[in-house]
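S.K.: Please find one structure pasted underneath; my questions will follow.
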Amino acid sequence: MDIQDIDLKELIERETGEQFNKQGYIKCPFHNEKTPSLKVKFNSNTNKEFFKCFGCGTCGDAIDFIMKYKNIDYIAAREYLGLEVEKSEKELQEEKVKNYIDWELSKFREGQKLLGIFKFVNDKNEIVYFKAKFVNKEGKKQLFYYHLEKDKVIAKRGDVELPYNLYNSLKAINNNDVLIIVEGEKDANTINSMFKNRNYVATSLKGCKELDILKNNRMRIYVIGDTGQAGETYKWNVYNTFKKYCKEFKFINLPGLKSLGDNKDVTDWIDVGHNKKDLITAFNRSLDIKNKYELQQNNGGIYKTTFKEKGEDIIENIKHITDFRLLSATRIRFIDEEEEGIKLVFKSITGYTIERIGKASVFDDVKSFKNFLGTMDLVFSGRVEDLNRLKGWINKYFALENEEVYGGVKFIERNGELIFIENNGSITEKGMNENIKSDGRNNADVLQVEETTTEELKEVINHIFKFAGPEKSISIIGTVINNLAVYQCQKLKQKLHHLLIVGESGSGKSTILENVVAPLLNYPKKDIKSIGLISNFALMKSLSDGNYPALFDEFKPSMMDRYKIGNISETLRNLYDRATISKGNKSLKTTDFNLGRPIIIAGEESYPNQEKALIERSCIIYLSRRERTEKNTEAMEWLIKNEELLNKLGRSLIETVLEMSIEEYQELREISKDSIKDLKNRTQNTAINIACGMMIFNKLLEKHGLKQLNNFYEHIVKNIKEEVLEGASDTQSLVEKMIVLYNDMIDDGRAFNAEDVVKYRGDGIFIKTSEMINEIHEHCNRVGVDLIPLKLKDFRKQAQKAGYLTGLSNKLIKVDMKVIRFDTYSVEMLRSLKVDSIVPPELLDVTDVEDRVIPFNTGNKNKNMLP
């Protein structure tokens with residue numbers, strides 16, 4: 001027995017009485033520990049299993065383990081394990097070659113490292129030569145040969161190239177075992193370690209020109225090629241060499257191997273978490289192309305073999321059921337629709353490669369399948385029983401890869417890990433996964449972009465906050481970055497504000513959207529939609545496709561009808577609350593749309609009707625040509641020329657967000673809240689959102705060892721106070737806007753008989769609300785004010801709730817010899833609105849307690865004007 005025949009896991013479990021857990025760890029017997037930290041791993045280059053404790057650092061092979069565990073010497077350990085006490089002839093030969101290589105490394109192989117030595121034997125199990133694998137300073141692998149002449153090591157092969165593991169391979173063929181042919185020696189070692197050269201024996205034929213020694217009419221061959229074109233060529237060379245000698249031949253398809261990239265092999269597949277059971281499953285789900293009872297395919301298409309007795313003979317015929325070949329198949333789970341699908345790639349008889357994606361129900365009947373094929377280049381000529389057989393054949397032997405398809409680009413938690421999903425795949429903690437992707441509704445292209453370097457990041461910092469004033473650029477960039485933390489916000493039940501960039505034609509709003517925001521999000525310009533042209537249903541659907549930011553331009557309410565304005569307004573309010581909207585269809589079924597995408601809008605106008613609900617849910621940026629400086633223009637020109645650097649920054653920010661836990665993000669919000677004291681409610685939430693975006697940017701800077709950005713809070717607050725609150729402490733409600741409007745009407749002389757509508761006296765302020773509302777409605781209809789006033793009943797109700805109206809029709813005042821009922825209003829509340837034409841400022845000395853209104857300029861003669 002050789003040391004390679006020892007199962008180190010079994011040995012350790014038997015000796016210690018402990019068991020390896022599901023993660024492959026066991027408690028280390030060499031130090032006290034509660035959490036298992038010892039693991040066993042096979043090294044395919046040295047063809048040995050090794051143990052290592054990640055707690056105390058102890059490591060070694062089976063002999064090392066027994067020596068330390070039993071406290072015995074090397075010879076006693078070999079004896080205990082059933083190995084020959086003296087080193088075998090093969091071990092001595094390998095030791096001589098190893099010593100020779102050590103001498104080479106010390107003399108003239110500077111910078112090289114020995115990875116492993118592979119023994120090549122003949123049909124008598126005698127070593128013929130050794131192959132040594134090195135890696136140099138650049139990471140390139142190099143191969144060199146050695147053989148022994150008597151006791152002297154010669155740095156040459158000295159013989160023809162032999163199949164690796166030849167002796168055991170010949171035994172496998174004679175024993176009717178499966179010969180597994182791989183590309184490299186380490187891959188053969190990996191498989192032979194799993195099966196201990198029993199039932200399945202692996203070899204590598206790379207470089208071998210003479211293979212007659214293996215040829216035998218009873219051969220059972222499985223081929224596992226590397227990914228990429230070279231691997232495909234190797235596989236088919238093996239097939240062409242042995243096809244007429246085999247009674248069984250399979251190309252083994254390892255699920256998930258292709259997604260690892262080019263030049264990946266079975267060892268790489270095992271290293272990412274697959275095991276012996278997975279490998280056997282792959283064997284069972286690979287088509288035996290020598291089996292006449294299964295469907296097969298050739299250049300003419302997919303065919304079945306029929307058998308017919310003719311006397312004592314059995315006549316075989318093949319009948320094609322398609323004129324195309326199947327290249328690959330992938331099972332698809334449409335996660336959001338909770339449906340199963342299939343992706344098939346065909347090679348047509350005309351030479352085209354055609355891909356089709358559909359629901360699994362395409363196999364329900366022949367008509368559905370033919371509709372699914374959908375082209376004259378693909379013909380299915382079988383019956384329903386052939387279709388069922390084809391379905392099972394595809395499912396068993398080809399549909400080994402599984403894809404998860406999600407609706408829209410999004411951040412989600414999957415198996416306890418936060419991942420980012422886009423059309424080409426997903427970003428996970430293990431790297432990119434091409435089998436988890438979105439369905440193409442949005443076009444963010446992030447996976448193809450590299451992360452930013454430190455030097456590139458330095459360059460970007462010098463320009464990215466200078467394309468506009470700091471309060472504007474920080475508010476825009478902070479919003480965009482914080483929108484990437486949409487998952488963390490959802491978990492913490494925090495609302496994401498809308499970003500509205502407003503400005504006159506030529507002010508730069510669309511330029512910012514196209515050349516700053518879109519590149520940061522890795523969106524192509526075509527993904528910026530016109531909100532004026534999109535239908536209400538399409539807008540709602542778009543905002544429910546994933547949770548990655550949505551970009552819209554051409555926001556101009558004056559060009560929209562009131563129904564469209566109302567629908568946009570309602571959708572934006574629901575979006576802020578992440579509401580779910582149900583819509584019915586003709587089949588009387590309802591579909592739920594979960595509004596979850598943060599929105600960024602650019603346009604020439606702000607929200608219509610001065611709607612408080614939208615204003616306080618937004619960060620509004622006003623731009624003008626006059627404010628744009630030469631430095632702003634220079635910064636924008638640089639950003640346009642260096643779009644690639646913004647793409648890289650966006651990719652790096654996504655990686656930063658994926659690494660950030662919910663608790664870490666919550667801490668950022670608490671820090672921001674402590675620094676923002678001047679705002680409250682939704683406007684404070686908006687400021688916190690933007691500040692968190694800047695702090696996420698700082699996390700990226702910290703990762704690169706760069707100086708973090710400070711003093712951004714004051715710029716954020718300044719923009720909100722100026723553009724959202726317009727200098728007030730809070731956004732105005734519709735009631736407040738109507739009162740302010742009536743005050744302006746008095747100032748402008750547009751209020752009719754205001755002295756009979758508003759009565760300010762020493763005992764309070766009294767307003768004939770019904771008449772004020774009538775005049776406001778008439779004024780809005782006549783002048784076209786950007787405000788839709790409330791009706792009387794709603795105004796009174798809301799004014800009461802807000803504290804402006806304190807008494808309904810509770811004051812009788814004589815007007816033109818008639819006693820009229822007036823509503824009582826709060827002097828203090830009205831003064832807080834600064835409606836000086838309704839209530840005089842507090843410092844004004846009012847001595848006359850008779851019925852009066854404050855001065856206003858109308859064309860009428862006003863008998864009750866104050867001096």
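Residues are named by chain letter and number: chains run A, B, ... in the order of the structure tokens, numbers start at 1 in each chain, and ligands are numbered from 1 in the order shown.
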What parts of stretch 484-696 of chain A does DSSP call strand (DSSP E or B)? I'd like the answer as a ChimeraX atom specification.
M.R.: /A:498-503,528-530,550-555,580-584,590-594,599-603,618-623
S.K.: From stretch 403-504 of chain A, collect each residue whose DSSP state is helix (DSSP H, G or I) and return the set as a count of residues only.
M.R.: 32
S.K.: Please list as a PyMOL selection string every residue within 6 Å of stretch 543-548 of chain A, counting only C-alpha atoms and excluding residues in the same chain fewer than 3 positions away.
M.R.: chain A and resi 407-410+540+593-597
S.K.: Using only C-alpha atoms, which of A:Gly358, A:His498, A:Asn632, A:Asn609 sits nearest A:Leu572?
M.R.: A:His498
S.K.: Would you kindly return, as a list of chain:residue names, each protein, DNA or RNA residue with an atom no farther than 9 Å from any atom of stretch 684-687 of chain A, considering only C-alpha atoms and excluding same-chain residues fewer than 6 positions away?
M.R.: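 Non-adjacent residues within range: A:Ser475, A:Thr479, A:Gln494, A:Lys495, A:Leu496, A:His497, A:His498, A:Glu616, A:Arg617, A:Ser618, A:Cys619, A:Ser672, A:Lys673, A:Ile676, A:Lys677, A:Asp678, A:Tyr713, A:Ile716, A:Val717, A:Ile720.
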S.K.: May I have the residues within 7 Å of stretch 767-772 of chain A as a PDB file with all heavy atoms, in the first residue's frame, using only C-alpha atoms and disregarding those fewer than 5 positions away in the same chain?
M.R.:
```
ATOM      1  N   VAL A 757     -64.127  90.405   3.033  1.00  0.00           N
ATOM      2  CA  VAL A 757     -63.808  88.970   3.184  1.00  0.00           C
ATOM      3  C   VAL A 757     -62.931  88.742   4.403  1.00  0.00           C
ATOM      4  O   VAL A 757     -63.099  87.768   5.133  1.00  0.00           O
ATOM      5  CB  VAL A 757     -63.101  88.444   1.911  1.00  0.00           C
ATOM      6  CG1 VAL A 757     -62.717  86.971   2.076  1.00  0.00           C
ATOM      7  CG2 VAL A 757     -64.012  88.621   0.702  1.00  0.00           C
ATOM      8  N   VAL A 758     -62.004  89.674   4.668  1.00  0.00           N
ATOM      9  CA  VAL A 758     -61.070  89.532   5.776  1.00  0.00           C
ATOM     10  C   VAL A 758     -61.324  90.653   6.770  1.00  0.00           C
ATOM     11  O   VAL A 758     -61.341  91.832   6.396  1.00  0.00           O
ATOM     12  CB  VAL A 758     -59.613  89.595   5.287  1.00  0.00           C
ATOM     13  CG1 VAL A 758     -58.650  89.496   6.462  1.00  0.00           C
ATOM     14  CG2 VAL A 758     -59.346  88.496   4.276  1.00  0.00           C
ATOM     15  N   LYS A 759     -61.533  90.271   8.004  1.00  0.00           N
ATOM     16  CA  LYS A 759     -61.744  91.254   9.063  1.00  0.00           C
ATOM     17  C   LYS A 759     -60.712  91.023  10.155  1.00  0.00           C
ATOM     18  O   LYS A 759     -60.741  89.985  10.844  1.00  0.00           O
ATOM     19  CB  LYS A 759     -63.151  91.116   9.657  1.00  0.00           C
ATOM     20  CG  LYS A 759     -64.282  91.336   8.660  1.00  0.00           C
ATOM     21  CD  LYS A 759     -64.395  92.784   8.259  1.00  0.00           C
ATOM     22  CE  LYS A 759     -65.615  93.017   7.355  1.00  0.00           C
ATOM     23  NZ  LYS A 759     -65.730  94.436   6.963  1.00  0.00           N
ATOM     24  N   LEU A 792     -64.271  73.955  -0.789  1.00  0.00           N
ATOM     25  CA  LEU A 792     -64.535  74.581   0.505  1.00  0.00           C
ATOM     26  C   LEU A 792     -64.497  73.582   1.651  1.00  0.00           C
ATOM     27  O   LEU A 792     -63.833  73.808   2.666  1.00  0.00           O
ATOM     28  CB  LEU A 792     -65.888  75.299   0.472  1.00  0.00           C
ATOM     29  CG  LEU A 792     -66.355  75.919   1.800  1.00  0.00           C
ATOM     30  CD1 LEU A 792     -65.373  76.985   2.282  1.00  0.00           C
ATOM     31  CD2 LEU A 792     -67.763  76.492   1.666  1.00  0.00           C
ATOM     32  N   PHE A 822     -68.657  84.711  10.017  1.00  0.00           N
ATOM     33  CA  PHE A 822     -67.254  84.572   9.638  1.00  0.00           C
ATOM     34  C   PHE A 822     -66.624  83.408  10.407  1.00  0.00           C
ATOM     35  O   PHE A 822     -67.051  83.068  11.514  1.00  0.00           O
ATOM     36  CB  PHE A 822     -66.478  85.856   9.948  1.00  0.00           C
ATOM     37  CG  PHE A 822     -66.675  86.950   8.933  1.00  0.00           C
ATOM     38  CD1 PHE A 822     -67.886  87.630   8.828  1.00  0.00           C
ATOM     39  CD2 PHE A 822     -65.639  87.297   8.071  1.00  0.00           C
ATOM     40  CE1 PHE A 822     -68.058  88.636   7.894  1.00  0.00           C
ATOM     41  CE2 PHE A 822     -65.805  88.315   7.140  1.00  0.00           C
ATOM     42  CZ  PHE A 822     -67.006  88.983   7.037  1.00  0.00           C
ATOM     43  N   ASP A 823     -65.574  82.808   9.780  1.00  0.00           N
ATOM     44  CA  ASP A 823     -64.777  81.791  10.476  1.00  0.00           C
ATOM     45  C   ASP A 823     -63.634  82.478  11.210  1.00  0.00           C
ATOM     46  O   ASP A 823     -63.067  83.474  10.731  1.00  0.00           O
ATOM     47  CB  ASP A 823     -64.190  80.780   9.487  1.00  0.00           C
ATOM     48  CG  ASP A 823     -65.279  80.011   8.751  1.00  0.00           C
ATOM     49  OD1 ASP A 823     -66.340  79.782   9.356  1.00  0.00           O
ATOM     50  OD2 ASP A 823     -65.046  79.621   7.576  1.00  0.00           O
ATOM     51  N   THR A 824     -63.279  81.933  12.353  1.00  0.00           N
ATOM     52  CA  THR A 824     -62.188  82.483  13.160  1.00  0.00           C
ATOM     53  C   THR A 824     -60.878  81.766  12.828  1.00  0.00           C
ATOM     54  O   THR A 824     -60.842  80.524  12.783  1.00  0.00           O
ATOM     55  CB  THR A 824     -62.481  82.333  14.662  1.00  0.00           C
ATOM     56  OG1 THR A 824     -63.737  82.956  14.954  1.00  0.00           O
ATOM     57  CG2 THR A 824     -61.376  82.964  15.499  1.00  0.00           C
TER      58      THR A 824
END
```
S.K.: Measuring atom to atom with only C-alpha atoms, identify which of A:Asp177, A:Asp268, A:Glu605, A:Glu312 is nearest to A:Thr190.
M.R.: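 Answer, going by the shortest atom-to-atom distance: A:Asp268.
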S.K.: Which polymer residues have any atom within 9 Å of an atom of stretch 288-296 of chain A, counting only C-alpha atoms, with same-chain residues fewer than 5 positions away left out, as a list in words?
M.R.: Tyr222, Lys243, Cys246, Lys247, Glu248, Phe249, Lys250, Phe251, Gly301, Ile302, Tyr303, Lys304, Thr305, Thr306, Arg389, Leu390 and Trp393 of chain A
S.K.: Can you tell me how far atom CA of A:Ser826 sits from atom CA of A:Ile813, in Å to one decimal?
M.R.: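 About the pair atom CA of A:Ser826 and atom CA of A:Ile813: they are 17.4 Å apart.
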S.K.: Would you list the contacts of A:Lys814 as a count of residues only, taking every protein, DNA or RNA residue within 10 Å and counting only C-alpha atoms, but skipping same-chain residues closer than 4 positions in sequence?
M.R.: 6
S.K.: Which of these residues is nearest to A:Gly469, using only C-alpha atoms: A:Met432, A:His715, A:Ile600, A:Arg562?
M.R.: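 Of all the options, A:His715 lies closest to A:Gly469.
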